[in-house]
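K.L.:
Okay, so here is data_6.txt, and as you'll see once you scroll down, it has compact mmCIF, N, CA and C atoms.
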# COMPACT_ATOMS: atom_id res chain seq x y z
N MET W 291 25.64 -28.02 -9.17
CA MET W 291 26.46 -26.83 -9.19
C MET W 291 25.80 -25.76 -8.30
N THR W 292 26.54 -25.13 -7.44
CA THR W 292 25.98 -24.13 -6.54
C THR W 292 26.10 -22.73 -7.13
N LYS W 293 25.20 -21.86 -6.67
CA LYS W 293 25.23 -20.47 -7.14
C LYS W 293 26.30 -19.70 -6.37
N PRO W 294 26.85 -18.69 -6.99
CA PRO W 294 27.81 -17.85 -6.26
C PRO W 294 27.11 -17.12 -5.12
N GLN W 295 27.87 -16.78 -4.09
CA GLN W 295 27.34 -16.10 -2.91
C GLN W 295 26.68 -14.78 -3.28
N HIS W 296 27.25 -14.05 -4.23
CA HIS W 296 26.74 -12.74 -4.62
C HIS W 296 25.32 -12.83 -5.17
N GLN W 297 25.05 -13.82 -6.01
CA GLN W 297 23.73 -13.98 -6.60
C GLN W 297 22.68 -14.30 -5.55
N SER W 298 22.98 -15.17 -4.63
CA SER W 298 22.00 -15.55 -3.63
C SER W 298 21.72 -14.39 -2.67
N PHE W 299 22.70 -13.55 -2.39
CA PHE W 299 22.48 -12.39 -1.52
C PHE W 299 21.46 -11.44 -2.14
N TRP W 300 21.65 -11.09 -3.42
CA TRP W 300 20.72 -10.14 -4.06
C TRP W 300 19.37 -10.77 -4.32
N ARG W 301 19.34 -12.06 -4.54
CA ARG W 301 18.06 -12.73 -4.73
C ARG W 301 17.23 -12.69 -3.45
N MET W 302 17.87 -12.81 -2.31
CA MET W 302 17.15 -12.81 -1.05
C MET W 302 16.87 -11.39 -0.53
N TRP W 303 17.81 -10.49 -0.64
CA TRP W 303 17.72 -9.18 -0.01
C TRP W 303 17.46 -8.03 -0.97
N GLY W 304 17.35 -8.28 -2.26
CA GLY W 304 17.18 -7.21 -3.24
C GLY W 304 15.93 -6.38 -3.02
N TRP W 305 14.77 -7.02 -2.94
CA TRP W 305 13.52 -6.27 -2.76
C TRP W 305 13.40 -5.63 -1.38
N PRO W 306 13.76 -6.29 -0.29
CA PRO W 306 13.71 -5.59 1.00
C PRO W 306 14.60 -4.35 1.05
N ILE W 307 15.79 -4.43 0.45
CA ILE W 307 16.67 -3.26 0.42
C ILE W 307 16.05 -2.16 -0.43
N ALA W 308 15.48 -2.52 -1.59
CA ALA W 308 14.84 -1.52 -2.45
C ALA W 308 13.66 -0.85 -1.75
N LEU W 309 12.85 -1.62 -1.04
CA LEU W 309 11.72 -1.03 -0.31
C LEU W 309 12.20 -0.14 0.84
N GLY W 310 13.28 -0.53 1.49
CA GLY W 310 13.84 0.29 2.56
C GLY W 310 14.40 1.61 2.05
N VAL W 311 15.10 1.56 0.93
CA VAL W 311 15.62 2.80 0.32
C VAL W 311 14.48 3.69 -0.13
N MET W 312 13.45 3.08 -0.70
CA MET W 312 12.30 3.85 -1.16
C MET W 312 11.59 4.52 0.03
N THR W 313 11.42 3.79 1.12
CA THR W 313 10.79 4.35 2.31
C THR W 313 11.62 5.48 2.89
N SER W 314 12.92 5.30 2.95
CA SER W 314 13.80 6.35 3.48
C SER W 314 13.74 7.61 2.62
N ALA W 315 13.76 7.44 1.31
CA ALA W 315 13.67 8.59 0.41
C ALA W 315 12.33 9.30 0.58
N GLY W 316 11.26 8.54 0.75
CA GLY W 316 9.95 9.15 0.96
C GLY W 316 9.86 9.90 2.27
N LEU W 317 10.44 9.36 3.33
CA LEU W 317 10.42 10.04 4.62
C LEU W 317 11.23 11.33 4.59
N VAL W 318 12.39 11.30 3.97
CA VAL W 318 13.21 12.51 3.85
C VAL W 318 12.50 13.55 2.99
N SER W 319 11.89 13.10 1.91
CA SER W 319 11.17 14.03 1.04
C SER W 319 9.98 14.65 1.77
N ALA W 320 9.25 13.86 2.54
CA ALA W 320 8.12 14.40 3.29
C ALA W 320 8.58 15.38 4.36
N LEU W 321 9.74 15.14 4.92
CA LEU W 321 10.25 16.01 5.96
C LEU W 321 10.68 17.37 5.42
N PHE W 322 11.32 17.39 4.26
CA PHE W 322 11.90 18.62 3.75
C PHE W 322 11.11 19.31 2.64
N SER W 323 10.08 18.68 2.10
CA SER W 323 9.34 19.31 1.01
C SER W 323 8.22 20.19 1.55
N ASP W 324 7.84 21.15 0.75
CA ASP W 324 6.75 22.05 1.13
C ASP W 324 5.84 22.24 -0.08
N GLY W 325 5.14 21.18 -0.44
CA GLY W 325 4.23 21.23 -1.57
C GLY W 325 4.91 20.86 -2.86
N GLY W 326 4.10 20.70 -3.90
CA GLY W 326 4.63 20.43 -5.23
C GLY W 326 5.12 19.02 -5.41
N PHE W 327 6.20 18.91 -6.18
CA PHE W 327 6.74 17.60 -6.55
C PHE W 327 7.22 16.81 -5.33
N GLY W 328 7.77 17.46 -4.33
CA GLY W 328 8.28 16.76 -3.15
C GLY W 328 7.20 16.00 -2.42
N ASP W 329 6.01 16.59 -2.30
CA ASP W 329 4.91 15.90 -1.64
C ASP W 329 4.40 14.72 -2.47
N VAL W 330 4.33 14.90 -3.77
CA VAL W 330 3.91 13.80 -4.65
C VAL W 330 4.92 12.66 -4.57
N PHE W 331 6.20 13.00 -4.60
CA PHE W 331 7.25 11.99 -4.49
C PHE W 331 7.14 11.24 -3.17
N ALA W 332 6.88 11.97 -2.08
CA ALA W 332 6.75 11.33 -0.77
C ALA W 332 5.54 10.39 -0.74
N TRP W 333 4.42 10.82 -1.29
CA TRP W 333 3.23 9.98 -1.32
C TRP W 333 3.49 8.68 -2.09
N VAL W 334 4.12 8.81 -3.23
CA VAL W 334 4.37 7.63 -4.07
C VAL W 334 5.38 6.69 -3.41
N THR W 335 6.49 7.25 -2.94
CA THR W 335 7.53 6.39 -2.37
C THR W 335 7.14 5.79 -1.02
N LEU W 336 6.23 6.40 -0.31
CA LEU W 336 5.73 5.80 0.93
C LEU W 336 4.52 4.90 0.67
N GLY W 337 3.82 5.12 -0.41
CA GLY W 337 2.65 4.31 -0.72
C GLY W 337 2.99 2.95 -1.31
N ILE W 338 4.02 2.89 -2.11
CA ILE W 338 4.38 1.62 -2.76
C ILE W 338 4.74 0.53 -1.73
N PRO W 339 5.57 0.80 -0.73
CA PRO W 339 5.84 -0.25 0.27
C PRO W 339 4.59 -0.67 1.05
N VAL W 340 3.68 0.27 1.29
CA VAL W 340 2.44 -0.07 1.99
C VAL W 340 1.60 -1.00 1.12
N ILE W 341 1.51 -0.71 -0.17
CA ILE W 341 0.75 -1.56 -1.08
C ILE W 341 1.37 -2.95 -1.17
N VAL W 342 2.69 -3.02 -1.25
CA VAL W 342 3.38 -4.33 -1.32
C VAL W 342 3.12 -5.13 -0.05
N CYS W 343 3.21 -4.49 1.10
CA CYS W 343 2.97 -5.20 2.37
C CYS W 343 1.52 -5.65 2.47
N ALA W 344 0.57 -4.82 2.06
CA ALA W 344 -0.84 -5.21 2.09
C ALA W 344 -1.10 -6.37 1.14
N TRP W 345 -0.47 -6.34 -0.04
CA TRP W 345 -0.65 -7.41 -1.01
C TRP W 345 -0.19 -8.75 -0.43
N TYR W 346 0.99 -8.78 0.14
CA TYR W 346 1.52 -10.03 0.68
C TYR W 346 0.87 -10.40 2.02
N GLY W 347 0.33 -9.43 2.74
CA GLY W 347 -0.35 -9.73 3.99
C GLY W 347 -1.72 -10.36 3.79
N TRP W 348 -2.43 -9.95 2.75
CA TRP W 348 -3.78 -10.46 2.50
C TRP W 348 -3.81 -11.64 1.55
N ARG W 349 -2.68 -11.96 0.98
CA ARG W 349 -2.62 -13.07 0.05
C ARG W 349 -2.76 -14.40 0.82
N ARG W 350 -3.48 -15.33 0.26
CA ARG W 350 -3.63 -16.62 0.90
C ARG W 350 -2.33 -17.42 0.84
N PRO W 351 -1.99 -18.08 1.92
CA PRO W 351 -0.80 -18.94 1.86
C PRO W 351 -1.08 -20.14 0.94
N PRO W 352 -0.06 -20.61 0.22
CA PRO W 352 -0.29 -21.73 -0.69
C PRO W 352 -0.63 -23.02 0.06
N GLY W 353 -1.56 -23.77 -0.50
CA GLY W 353 -1.91 -25.06 0.09
C GLY W 353 -3.01 -25.01 1.11
N ARG W 354 -3.66 -23.87 1.27
CA ARG W 354 -4.75 -23.81 2.25
C ARG W 354 -6.06 -23.55 1.58
Since I need it in another form, could you write the structure as structure tokens?

P.N.:
Amino acid sequence: MTKPQHQSFWRMWGWPIALGVMTSAGLVSALFSDGGFGDVFAWVTLGIPVIVCAWYGWRRPPGR
């Protein structure tokens, strides 16, 4: 039995879309904020995608 098209789309593209939205929100927040919560929000939303990329970049490939 095959999976519906909708499920496979979100399974493949869900996290990249979420990281892209998070990065965009962080960039907009960094551009328009002037201290306070906006800067903290920008740091967090821009830091999480960097941490995820570093995690998967330094992880050993399976079988090696």

K.L.:
Between atom C of Trp300 (chain W) and atom C of Ser314 (chain W), what is the distance, to one decimal in Å?

P.N.:
20.4 Å

K.L.:
Near region 305-312 of chain W, counting only N, CA and C atoms, which residues have an atom at most 5 Å away, once you skip same-chain residues fewer than 3 positions from it, shown as a PDB file with N, CA and C atoms, in the coordinates of the input?

P.N.:
ATOM      1  N   ALA W 315      13.760   7.440   1.310  1.00  0.00           N
ATOM      2  CA  ALA W 315      13.670   8.590   0.410  1.00  0.00           C
ATOM      3  C   ALA W 315      12.330   9.300   0.580  1.00  0.00           C
ATOM      4  N   GLY W 316      11.260   8.540   0.750  1.00  0.00           N
ATOM      5  CA  GLY W 316       9.950   9.150   0.960  1.00  0.00           C
ATOM      6  C   GLY W 316       9.860   9.900   2.270  1.00  0.00           C
ATOM      7  N   THR W 335       6.490   7.250  -2.940  1.00  0.00           N
ATOM      8  CA  THR W 335       7.530   6.390  -2.370  1.00  0.00           C
ATOM      9  C   THR W 335       7.140   5.790  -1.020  1.00  0.00           C
TER      10      THR W 335
END

K.L.:
CA of His296 (chain W) to CA of Tyr346 (chain W): how many Å, to one decimal?

P.N.:
25.9 Å

K.L.:
As an exercise, work out the distance from CA of Arg349 (chain W) to CA of Phe299 (chain W) in Å and give it to one decimal place.

P.N.:
25.2 Å

K.L.:
Would you give me, as a PyMOL selection string, the residues in chain W that DSSP reads as helix (DSSP H, G or I)?

P.N.:
chain W and resi 295-322+327-348

K.L.:
For the residues selected in the previous step, produce a file with N, CA and C atoms as a CSV table (one decimal), in the coordinates of the input.

P.N.:
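The resulting result_38.csv:
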chain,number,residue,atom,x,y,z
W,295,GLN,N,27.9,-16.8,-4.1
W,295,GLN,CA,27.3,-16.1,-2.9
W,295,GLN,C,26.7,-14.8,-3.3
W,296,HIS,N,27.2,-14.0,-4.2
W,296,HIS,CA,26.7,-12.7,-4.6
W,296,HIS,C,25.3,-12.8,-5.2
W,297,GLN,N,25.0,-13.8,-6.0
W,297,GLN,CA,23.7,-14.0,-6.6
W,297,GLN,C,22.7,-14.3,-5.6
W,298,SER,N,23.0,-15.2,-4.6
W,298,SER,CA,22.0,-15.6,-3.6
W,298,SER,C,21.7,-14.4,-2.7
W,299,PHE,N,22.7,-13.6,-2.4
W,299,PHE,CA,22.5,-12.4,-1.5
W,299,PHE,C,21.5,-11.4,-2.1
W,300,TRP,N,21.6,-11.1,-3.4
W,300,TRP,CA,20.7,-10.1,-4.1
W,300,TRP,C,19.4,-10.8,-4.3
W,301,ARG,N,19.3,-12.1,-4.5
W,301,ARG,CA,18.1,-12.7,-4.7
W,301,ARG,C,17.2,-12.7,-3.4
W,302,MET,N,17.9,-12.8,-2.3
W,302,MET,CA,17.2,-12.8,-1.0
W,302,MET,C,16.9,-11.4,-0.5
W,303,TRP,N,17.8,-10.5,-0.6
W,303,TRP,CA,17.7,-9.2,0.0
W,303,TRP,C,17.5,-8.0,-1.0
W,304,GLY,N,17.4,-8.3,-2.3
W,304,GLY,CA,17.2,-7.2,-3.2
W,304,GLY,C,15.9,-6.4,-3.0
W,305,TRP,N,14.8,-7.0,-2.9
W,305,TRP,CA,13.5,-6.3,-2.8
W,305,TRP,C,13.4,-5.6,-1.4
W,306,PRO,N,13.8,-6.3,-0.3
W,306,PRO,CA,13.7,-5.6,1.0
W,306,PRO,C,14.6,-4.4,1.0
W,307,ILE,N,15.8,-4.4,0.4
W,307,ILE,CA,16.7,-3.3,0.4
W,307,ILE,C,16.0,-2.2,-0.4
W,308,ALA,N,15.5,-2.5,-1.6
W,308,ALA,CA,14.8,-1.5,-2.4
W,308,ALA,C,13.7,-0.8,-1.8
W,309,LEU,N,12.8,-1.6,-1.0
W,309,LEU,CA,11.7,-1.0,-0.3
W,309,LEU,C,12.2,-0.1,0.8
W,310,GLY,N,13.3,-0.5,1.5
W,310,GLY,CA,13.8,0.3,2.6
W,310,GLY,C,14.4,1.6,2.0
W,311,VAL,N,15.1,1.6,0.9
W,311,VAL,CA,15.6,2.8,0.3
W,311,VAL,C,14.5,3.7,-0.1
W,312,MET,N,13.4,3.1,-0.7
W,312,MET,CA,12.3,3.8,-1.2
W,312,MET,C,11.6,4.5,0.0
W,313,THR,N,11.4,3.8,1.1
W,313,THR,CA,10.8,4.4,2.3
W,313,THR,C,11.6,5.5,2.9
W,314,SER,N,12.9,5.3,3.0
W,314,SER,CA,13.8,6.4,3.5
W,314,SER,C,13.7,7.6,2.6
W,315,ALA,N,13.8,7.4,1.3
W,315,ALA,CA,13.7,8.6,0.4
W,315,ALA,C,12.3,9.3,0.6
W,316,GLY,N,11.3,8.5,0.8
W,316,GLY,CA,10.0,9.2,1.0
W,316,GLY,C,9.9,9.9,2.3
W,317,LEU,N,10.4,9.4,3.3
W,317,LEU,CA,10.4,10.0,4.6
W,317,LEU,C,11.2,11.3,4.6
W,318,VAL,N,12.4,11.3,4.0
W,318,VAL,CA,13.2,12.5,3.8
W,318,VAL,C,12.5,13.6,3.0
W,319,SER,N,11.9,13.1,1.9
W,319,SER,CA,11.2,14.0,1.0
W,319,SER,C,10.0,14.6,1.8
W,320,ALA,N,9.2,13.9,2.5
W,320,ALA,CA,8.1,14.4,3.3
W,320,ALA,C,8.6,15.4,4.4
W,321,LEU,N,9.7,15.1,4.9
W,321,LEU,CA,10.2,16.0,6.0
W,321,LEU,C,10.7,17.4,5.4
W,322,PHE,N,11.3,17.4,4.3
W,322,PHE,CA,11.9,18.6,3.8
W,322,PHE,C,11.1,19.3,2.6
W,327,PHE,N,6.2,18.9,-6.2
W,327,PHE,CA,6.7,17.6,-6.6
W,327,PHE,C,7.2,16.8,-5.3
W,328,GLY,N,7.8,17.5,-4.3
W,328,GLY,CA,8.3,16.8,-3.2
W,328,GLY,C,7.2,16.0,-2.4
W,329,ASP,N,6.0,16.6,-2.3
W,329,ASP,CA,4.9,15.9,-1.6
W,329,ASP,C,4.4,14.7,-2.5
W,330,VAL,N,4.3,14.9,-3.8
W,330,VAL,CA,3.9,13.8,-4.6
W,330,VAL,C,4.9,12.7,-4.6
W,331,PHE,N,6.2,13.0,-4.6
W,331,PHE,CA,7.2,12.0,-4.5
W,331,PHE,C,7.1,11.2,-3.2
W,332,ALA,N,6.9,12.0,-2.1
W,332,ALA,CA,6.8,11.3,-0.8
W,332,ALA,C,5.5,10.4,-0.7
W,333,TRP,N,4.4,10.8,-1.3
W,333,TRP,CA,3.2,10.0,-1.3
W,333,TRP,C,3.5,8.7,-2.1
W,334,VAL,N,4.1,8.8,-3.2
W,334,VAL,CA,4.4,7.6,-4.1
W,334,VAL,C,5.4,6.7,-3.4
W,335,THR,N,6.5,7.2,-2.9
W,335,THR,CA,7.5,6.4,-2.4
W,335,THR,C,7.1,5.8,-1.0
W,336,LEU,N,6.2,6.4,-0.3
W,336,LEU,CA,5.7,5.8,0.9
W,336,LEU,C,4.5,4.9,0.7
W,337,GLY,N,3.8,5.1,-0.4
W,337,GLY,CA,2.6,4.3,-0.7
W,337,GLY,C,3.0,3.0,-1.3
W,338,ILE,N,4.0,2.9,-2.1
W,338,ILE,CA,4.4,1.6,-2.8
W,338,ILE,C,4.7,0.5,-1.7
W,339,PRO,N,5.6,0.8,-0.7
W,339,PRO,CA,5.8,-0.2,0.3
W,339,PRO,C,4.6,-0.7,1.0
W,340,VAL,N,3.7,0.3,1.3
W,340,VAL,CA,2.4,-0.1,2.0
W,340,VAL,C,1.6,-1.0,1.1
W,341,ILE,N,1.5,-0.7,-0.2
W,341,ILE,CA,0.8,-1.6,-1.1
W,341,ILE,C,1.4,-3.0,-1.2
W,342,VAL,N,2.7,-3.0,-1.2
W,342,VAL,CA,3.4,-4.3,-1.3
W,342,VAL,C,3.1,-5.1,0.0
W,343,CYS,N,3.2,-4.5,1.1
W,343,CYS,CA,3.0,-5.2,2.4
W,343,CYS,C,1.5,-5.6,2.5
W,344,ALA,N,0.6,-4.8,2.1
W,344,ALA,CA,-0.8,-5.2,2.1
W,344,ALA,C,-1.1,-6.4,1.1
W,345,TRP,N,-0.5,-6.3,0.0
W,345,TRP,CA,-0.6,-7.4,-1.0
W,345,TRP,C,-0.2,-8.8,-0.4
W,346,TYR,N,1.0,-8.8,0.1
W,346,TYR,CA,1.5,-10.0,0.7
W,346,TYR,C,0.9,-10.4,2.0
W,347,GLY,N,0.3,-9.4,2.7
W,347,GLY,CA,-0.4,-9.7,4.0
W,347,GLY,C,-1.7,-10.4,3.8
W,348,TRP,N,-2.4,-10.0,2.8
W,348,TRP,CA,-3.8,-10.5,2.5
W,348,TRP,C,-3.8,-11.6,1.6

K.L.:
Give me the residues within 6.5 Å of Asp329 (chain W) as a PDB file with N, CA and C atoms, in the frame of the given file, counting all atoms listed in the file and dropping any in the same chain fewer than 5 places off.

P.N.:
ATOM      1  N   SER W 319      11.890  13.100   1.910  1.00  0.00           N
ATOM      2  CA  SER W 319      11.170  14.030   1.040  1.00  0.00           C
ATOM      3  C   SER W 319       9.980  14.650   1.770  1.00  0.00           C
ATOM      4  N   ALA W 320       9.250  13.860   2.540  1.00  0.00           N
ATOM      5  CA  ALA W 320       8.120  14.400   3.290  1.00  0.00           C
ATOM      6  C   ALA W 320       8.580  15.380   4.360  1.00  0.00           C
ATOM      7  N   SER W 323      10.080  18.680   2.100  1.00  0.00           N
ATOM      8  CA  SER W 323       9.340  19.310   1.010  1.00  0.00           C
ATOM      9  C   SER W 323       8.220  20.190   1.550  1.00  0.00           C
ATOM     10  N   ASP W 324       7.840  21.150   0.750  1.00  0.00           N
ATOM     11  CA  ASP W 324       6.750  22.050   1.130  1.00  0.00           C
ATOM     12  C   ASP W 324       5.840  22.240  -0.080  1.00  0.00           C
ATOM     13  N   VAL W 334       4.120   8.810  -3.230  1.00  0.00           N
ATOM     14  CA  VAL W 334       4.370   7.630  -4.070  1.00  0.00           C
ATOM     15  C   VAL W 334       5.380   6.690  -3.410  1.00  0.00           C
TER      16      VAL W 334
END

K.L.:
Between W:Val318, W:Arg350, W:Thr313, W:Gly304, which is the closest to Ile338 (chain W) once you count only C-alpha atoms?

P.N.:
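Of all the options, W:Thr313 lies closest to Ile338 (chain W).
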
K.L.:
Output as AutoDock Vina command-line options the centre and edge lengths (Å, one decimal) of the box along x, y and z of the file that holds every listed atom of region 300-313 of chain W after adding 3 Å on each side.

P.N.:
--center_x 16.2 --center_y -3.7 --center_z -0.9 --size_x 16.9 --size_y 24.3 --size_z 13.6
